[in-house]
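input_16.txt (compact mmCIF, N, CA and C atoms) appears below.
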```
# COMPACT_ATOMS: atom_id res chain seq x y z
N MET A 1212 9.96 21.57 9.35
CA MET A 1212 8.59 21.42 9.80
C MET A 1212 8.43 20.06 10.47
N ALA A 1213 7.98 20.04 11.69
CA ALA A 1213 7.76 18.80 12.42
C ALA A 1213 6.40 18.23 12.03
N TYR A 1214 6.34 16.93 11.90
CA TYR A 1214 5.09 16.28 11.54
C TYR A 1214 4.28 15.97 12.78
N THR A 1215 3.01 16.31 12.75
CA THR A 1215 2.09 15.95 13.82
C THR A 1215 0.86 15.32 13.20
N THR A 1216 0.20 14.48 13.95
CA THR A 1216 -0.99 13.81 13.42
C THR A 1216 -2.10 14.81 13.17
N PHE A 1217 -2.34 15.68 14.13
CA PHE A 1217 -3.37 16.69 13.98
C PHE A 1217 -2.74 18.07 14.10
N SER A 1218 -2.38 18.62 12.98
CA SER A 1218 -1.74 19.93 12.96
C SER A 1218 -2.79 21.01 13.21
N GLN A 1219 -2.41 22.05 13.93
CA GLN A 1219 -3.31 23.16 14.21
C GLN A 1219 -3.30 24.20 13.10
N THR A 1220 -2.43 24.03 12.11
CA THR A 1220 -2.33 24.98 11.00
C THR A 1220 -3.56 24.88 10.12
N LYS A 1221 -4.21 26.01 9.87
CA LYS A 1221 -5.40 26.02 9.02
C LYS A 1221 -4.97 25.96 7.56
N ASN A 1222 -5.59 25.08 6.81
CA ASN A 1222 -5.35 25.04 5.37
C ASN A 1222 -6.56 24.45 4.66
N ASP A 1223 -6.74 24.83 3.41
CA ASP A 1223 -7.85 24.33 2.60
C ASP A 1223 -7.28 23.29 1.65
N GLN A 1224 -7.60 22.01 1.91
CA GLN A 1224 -7.00 20.95 1.11
C GLN A 1224 -7.41 21.00 -0.35
N LEU A 1225 -8.50 21.70 -0.66
CA LEU A 1225 -8.92 21.81 -2.06
C LEU A 1225 -8.04 22.80 -2.83
N LYS A 1226 -7.29 23.62 -2.13
CA LYS A 1226 -6.41 24.59 -2.79
C LYS A 1226 -4.95 24.13 -2.80
N GLU A 1227 -4.66 23.06 -2.09
CA GLU A 1227 -3.29 22.55 -2.03
C GLU A 1227 -2.98 21.73 -3.28
N PRO A 1228 -1.70 21.68 -3.68
CA PRO A 1228 -1.34 20.81 -4.80
C PRO A 1228 -1.48 19.34 -4.39
N MET A 1229 -1.60 18.46 -5.40
CA MET A 1229 -1.82 17.05 -5.11
C MET A 1229 -0.64 16.46 -4.33
N PHE A 1230 0.57 16.86 -4.67
CA PHE A 1230 1.77 16.37 -3.99
C PHE A 1230 2.57 17.55 -3.46
N PHE A 1231 3.26 17.35 -2.36
CA PHE A 1231 4.17 18.32 -1.75
C PHE A 1231 3.48 19.59 -1.27
N GLY A 1232 2.20 19.51 -0.94
CA GLY A 1232 1.51 20.64 -0.33
C GLY A 1232 1.50 20.46 1.18
N GLN A 1233 0.72 21.28 1.86
CA GLN A 1233 0.56 21.14 3.31
C GLN A 1233 -0.15 19.82 3.59
N PRO A 1234 0.21 19.11 4.65
CA PRO A 1234 -0.51 17.88 4.99
C PRO A 1234 -1.95 18.20 5.39
N VAL A 1235 -2.85 17.26 5.13
CA VAL A 1235 -4.27 17.51 5.39
C VAL A 1235 -4.77 16.87 6.68
N ASN A 1236 -3.87 16.32 7.49
CA ASN A 1236 -4.20 15.72 8.79
C ASN A 1236 -4.99 14.42 8.65
N VAL A 1237 -6.19 14.49 8.15
CA VAL A 1237 -7.07 13.34 8.05
C VAL A 1237 -7.56 13.26 6.61
N ALA A 1238 -7.57 12.06 6.06
CA ALA A 1238 -8.04 11.89 4.68
C ALA A 1238 -9.52 12.23 4.59
N ARG A 1239 -9.88 13.06 3.61
CA ARG A 1239 -11.27 13.44 3.39
C ARG A 1239 -11.71 12.85 2.06
N TYR A 1240 -12.68 11.96 2.08
CA TYR A 1240 -13.15 11.35 0.85
C TYR A 1240 -14.48 11.94 0.39
N ASP A 1241 -15.03 12.86 1.17
CA ASP A 1241 -16.30 13.47 0.79
C ASP A 1241 -16.11 14.67 -0.12
N GLN A 1242 -14.90 15.21 -0.20
CA GLN A 1242 -14.62 16.36 -1.05
C GLN A 1242 -13.50 16.00 -2.02
N GLN A 1243 -13.73 16.27 -3.30
CA GLN A 1243 -12.72 15.99 -4.31
C GLN A 1243 -12.30 17.29 -4.96
N LYS A 1244 -11.02 17.49 -5.09
CA LYS A 1244 -10.52 18.68 -5.77
C LYS A 1244 -10.69 18.52 -7.28
N TYR A 1245 -10.46 17.32 -7.78
CA TYR A 1245 -10.53 17.05 -9.21
C TYR A 1245 -11.76 16.18 -9.50
N ASP A 1246 -12.67 16.68 -10.34
CA ASP A 1246 -13.91 15.96 -10.64
C ASP A 1246 -13.66 14.60 -11.27
N ILE A 1247 -12.57 14.44 -11.99
CA ILE A 1247 -12.30 13.17 -12.66
C ILE A 1247 -12.20 12.03 -11.66
N PHE A 1248 -11.68 12.30 -10.45
CA PHE A 1248 -11.57 11.24 -9.45
C PHE A 1248 -12.95 10.79 -8.97
N GLU A 1249 -13.87 11.72 -8.82
CA GLU A 1249 -15.23 11.36 -8.42
C GLU A 1249 -15.88 10.51 -9.50
N LYS A 1250 -15.68 10.87 -10.76
CA LYS A 1250 -16.23 10.09 -11.88
C LYS A 1250 -15.62 8.69 -11.94
N LEU A 1251 -14.32 8.60 -11.69
CA LEU A 1251 -13.67 7.29 -11.70
C LEU A 1251 -14.15 6.41 -10.55
N ILE A 1252 -14.38 7.01 -9.39
CA ILE A 1252 -14.91 6.25 -8.25
C ILE A 1252 -16.28 5.70 -8.59
N GLU A 1253 -17.14 6.54 -9.16
CA GLU A 1253 -18.49 6.09 -9.54
C GLU A 1253 -18.41 4.97 -10.58
N LYS A 1254 -17.50 5.08 -11.53
CA LYS A 1254 -17.35 4.05 -12.55
C LYS A 1254 -16.89 2.74 -11.92
N GLN A 1255 -15.94 2.81 -11.00
CA GLN A 1255 -15.46 1.60 -10.34
C GLN A 1255 -16.57 0.95 -9.51
N LEU A 1256 -17.34 1.75 -8.81
CA LEU A 1256 -18.43 1.20 -8.01
C LEU A 1256 -19.53 0.60 -8.86
N SER A 1257 -19.66 1.06 -10.11
CA SER A 1257 -20.72 0.54 -10.98
C SER A 1257 -20.47 -0.90 -11.39
N PHE A 1258 -19.25 -1.39 -11.21
CA PHE A 1258 -18.95 -2.78 -11.57
C PHE A 1258 -19.43 -3.76 -10.50
N PHE A 1259 -19.87 -3.26 -9.36
CA PHE A 1259 -20.34 -4.10 -8.28
C PHE A 1259 -21.83 -3.85 -8.04
N TRP A 1260 -22.50 -4.86 -7.49
CA TRP A 1260 -23.89 -4.69 -7.12
C TRP A 1260 -23.95 -3.75 -5.93
N ARG A 1261 -24.85 -2.76 -6.04
CA ARG A 1261 -25.00 -1.79 -4.96
C ARG A 1261 -26.41 -1.89 -4.40
N PRO A 1262 -26.57 -1.83 -3.09
CA PRO A 1262 -27.88 -2.02 -2.47
C PRO A 1262 -28.95 -1.06 -2.96
N GLU A 1263 -28.57 0.16 -3.33
CA GLU A 1263 -29.59 1.12 -3.76
C GLU A 1263 -30.13 0.82 -5.15
N GLU A 1264 -29.54 -0.15 -5.86
CA GLU A 1264 -29.99 -0.48 -7.21
C GLU A 1264 -31.14 -1.48 -7.22
N VAL A 1265 -31.28 -2.27 -6.17
CA VAL A 1265 -32.28 -3.34 -6.15
C VAL A 1265 -33.13 -3.19 -4.89
N ASP A 1266 -34.45 -3.23 -5.06
CA ASP A 1266 -35.35 -3.14 -3.92
C ASP A 1266 -35.47 -4.51 -3.26
N VAL A 1267 -35.01 -4.63 -2.03
CA VAL A 1267 -35.05 -5.90 -1.31
C VAL A 1267 -36.03 -5.84 -0.14
N SER A 1268 -36.92 -4.88 -0.14
CA SER A 1268 -37.81 -4.68 1.00
C SER A 1268 -38.82 -5.82 1.16
N ARG A 1269 -39.16 -6.53 0.09
CA ARG A 1269 -40.14 -7.62 0.19
C ARG A 1269 -39.49 -8.98 0.42
N ASP A 1270 -38.19 -9.05 0.45
CA ASP A 1270 -37.51 -10.35 0.54
C ASP A 1270 -37.89 -11.12 1.80
N ARG A 1271 -37.97 -10.45 2.94
CA ARG A 1271 -38.32 -11.14 4.18
C ARG A 1271 -39.73 -11.71 4.11
N ILE A 1272 -40.66 -10.93 3.59
CA ILE A 1272 -42.05 -11.39 3.46
C ILE A 1272 -42.12 -12.58 2.51
N ASP A 1273 -41.40 -12.49 1.38
CA ASP A 1273 -41.40 -13.59 0.41
C ASP A 1273 -40.78 -14.85 1.01
N TYR A 1274 -39.71 -14.69 1.79
CA TYR A 1274 -39.06 -15.85 2.40
C TYR A 1274 -40.00 -16.53 3.40
N GLN A 1275 -40.69 -15.75 4.21
CA GLN A 1275 -41.59 -16.33 5.20
C GLN A 1275 -42.76 -17.05 4.55
N ALA A 1276 -43.10 -16.68 3.33
CA ALA A 1276 -44.21 -17.33 2.63
C ALA A 1276 -43.78 -18.62 1.93
N LEU A 1277 -42.49 -18.91 1.89
CA LEU A 1277 -42.01 -20.12 1.22
C LEU A 1277 -42.38 -21.37 2.01
N PRO A 1278 -42.63 -22.48 1.32
CA PRO A 1278 -42.79 -23.76 2.02
C PRO A 1278 -41.46 -24.18 2.66
N GLU A 1279 -41.52 -25.09 3.63
CA GLU A 1279 -40.32 -25.48 4.37
C GLU A 1279 -39.24 -26.06 3.46
N HIS A 1280 -39.62 -26.86 2.47
CA HIS A 1280 -38.59 -27.46 1.62
C HIS A 1280 -37.88 -26.40 0.76
N GLU A 1281 -38.58 -25.34 0.37
CA GLU A 1281 -37.94 -24.27 -0.40
C GLU A 1281 -37.05 -23.41 0.51
N LYS A 1282 -37.46 -23.22 1.77
CA LYS A 1282 -36.59 -22.52 2.72
C LYS A 1282 -35.29 -23.29 2.92
N HIS A 1283 -35.41 -24.63 3.00
CA HIS A 1283 -34.21 -25.47 3.17
C HIS A 1283 -33.27 -25.30 1.97
N ILE A 1284 -33.81 -25.30 0.76
CA ILE A 1284 -32.99 -25.12 -0.45
C ILE A 1284 -32.33 -23.75 -0.42
N PHE A 1285 -33.09 -22.73 -0.06
CA PHE A 1285 -32.55 -21.36 -0.02
C PHE A 1285 -31.39 -21.26 0.97
N ILE A 1286 -31.59 -21.76 2.18
CA ILE A 1286 -30.55 -21.70 3.21
C ILE A 1286 -29.34 -22.54 2.80
N SER A 1287 -29.58 -23.70 2.20
CA SER A 1287 -28.47 -24.55 1.76
C SER A 1287 -27.62 -23.85 0.70
N ASN A 1288 -28.25 -23.12 -0.19
CA ASN A 1288 -27.51 -22.37 -1.21
C ASN A 1288 -26.68 -21.25 -0.59
N LEU A 1289 -27.13 -20.68 0.51
CA LEU A 1289 -26.35 -19.65 1.19
C LEU A 1289 -25.11 -20.22 1.87
N LYS A 1290 -25.16 -21.50 2.24
CA LYS A 1290 -24.05 -22.12 2.95
C LYS A 1290 -22.88 -22.45 2.02
N ILE A 1291 -23.14 -22.63 0.73
CA ILE A 1291 -22.09 -23.06 -0.20
C ILE A 1291 -20.94 -22.06 -0.28
N PRO A 1292 -21.18 -20.76 -0.55
CA PRO A 1292 -20.04 -19.84 -0.60
C PRO A 1292 -19.31 -19.74 0.73
N ASP A 1293 -20.03 -19.85 1.84
CA ASP A 1293 -19.40 -19.78 3.15
C ASP A 1293 -18.47 -20.97 3.36
N ALA A 1294 -18.94 -22.16 2.99
CA ALA A 1294 -18.11 -23.36 3.13
C ALA A 1294 -16.91 -23.29 2.20
N ALA A 1295 -17.09 -22.77 1.00
CA ALA A 1295 -15.97 -22.64 0.06
C ALA A 1295 -14.92 -21.69 0.62
N GLY A 1296 -15.35 -20.60 1.24
CA GLY A 1296 -14.41 -19.67 1.84
C GLY A 1296 -13.68 -20.29 3.01
N PHE A 1297 -14.38 -21.12 3.77
CA PHE A 1297 -13.77 -21.78 4.92
C PHE A 1297 -12.67 -22.73 4.46
N HIS A 1298 -12.95 -23.51 3.41
CA HIS A 1298 -11.97 -24.49 2.94
C HIS A 1298 -10.78 -23.85 2.24
N SER A 1299 -11.00 -22.68 1.64
CA SER A 1299 -9.88 -22.02 0.94
C SER A 1299 -9.07 -21.14 1.89
N GLY A 1300 -9.56 -20.96 3.11
CA GLY A 1300 -8.81 -20.17 4.08
C GLY A 1300 -9.09 -18.69 4.03
N THR A 1301 -10.14 -18.26 3.32
CA THR A 1301 -10.46 -16.83 3.25
C THR A 1301 -11.55 -16.49 4.21
```
Kindly present the structure from the file in structure tokens form.
Amino acid sequence: MAYTTFSQTKNDQLKEPMFFGQPVNVARYDQQKYDIFEKLIEKQLSFFWRPEEVDVSRDRIDYQALPEHEKHIFISNLKIPDAAGFHSGT
């Protein structure tokens, strides 16, 4: 069997074995054959802050209402991680 990037052979990747089945051409992350992998992905993502968990819709309004000296403090605090990344080479 010759390998091609986009094979014309029809196959259902949900019915193929995990290893040594027909190639799936393009990785599909929206469909999982095994539910445990979807649960593990959700668990891994739960260790990080996710935008849908915190409402940030008022942040711009709150920032614009700050006095100038508080805006300066806010912006200065944002520069610290950026400068640290610059000095460490990341």
In Å and to one decimal, atom N of Lys1282 in chain A is distant from atom C of Arg1269 in chain A by 14.4 Å
As a check of understanding: the span from CA of Leu1225 in chain A to CA of Glu1249 in chain A is 13.8 Å
Return as a PyMOL selection string the full set of residues in chain A whose backbone-based DSSP assignment is alpha helix (DSSP H).
chain A and resi 1246-1256+1270-1275+1279-1299
Atom N of Lys1221 in chain A to atom C of Val1235 in chain A measures 9.7 Å
Near-Gln1224 in chain A list (8 Å; all atoms listed in the file; drop same-chain fewer than 6 positions) as a PDB file with N, CA and C atoms, keeping the file's coordinate frame:
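Written output follows (around22.pdb):
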```pdb
ATOM      1  N   GLN A1233       0.720  21.280   1.860  1.00  0.00           N
ATOM      2  CA  GLN A1233       0.560  21.140   3.310  1.00  0.00           C
ATOM      3  C   GLN A1233      -0.150  19.820   3.590  1.00  0.00           C
ATOM      4  N   PRO A1234       0.210  19.110   4.650  1.00  0.00           N
ATOM      5  CA  PRO A1234      -0.510  17.880   4.990  1.00  0.00           C
ATOM      6  C   PRO A1234      -1.950  18.200   5.390  1.00  0.00           C
ATOM      7  N   VAL A1235      -2.850  17.260   5.130  1.00  0.00           N
ATOM      8  CA  VAL A1235      -4.270  17.510   5.390  1.00  0.00           C
ATOM      9  C   VAL A1235      -4.770  16.870   6.680  1.00  0.00           C
ATOM     10  N   GLN A1243     -13.730  16.270  -3.300  1.00  0.00           N
ATOM     11  CA  GLN A1243     -12.720  15.990  -4.310  1.00  0.00           C
ATOM     12  C   GLN A1243     -12.300  17.290  -4.960  1.00  0.00           C
ATOM     13  N   LYS A1244     -11.020  17.490  -5.090  1.00  0.00           N
ATOM     14  CA  LYS A1244     -10.520  18.680  -5.770  1.00  0.00           C
ATOM     15  C   LYS A1244     -10.690  18.520  -7.280  1.00  0.00           C
TER      16      LYS A1244
END
```
From the options A:Phe1231, A:Pro1278, A:Asp1273, A:Val1237, which residue's atoms come nearest to Phe1217 in chain A, counting only N, CA and C atoms?
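Residue with the minimum atom-to-atom distance to Phe1217 in chain A: A:Val1237.
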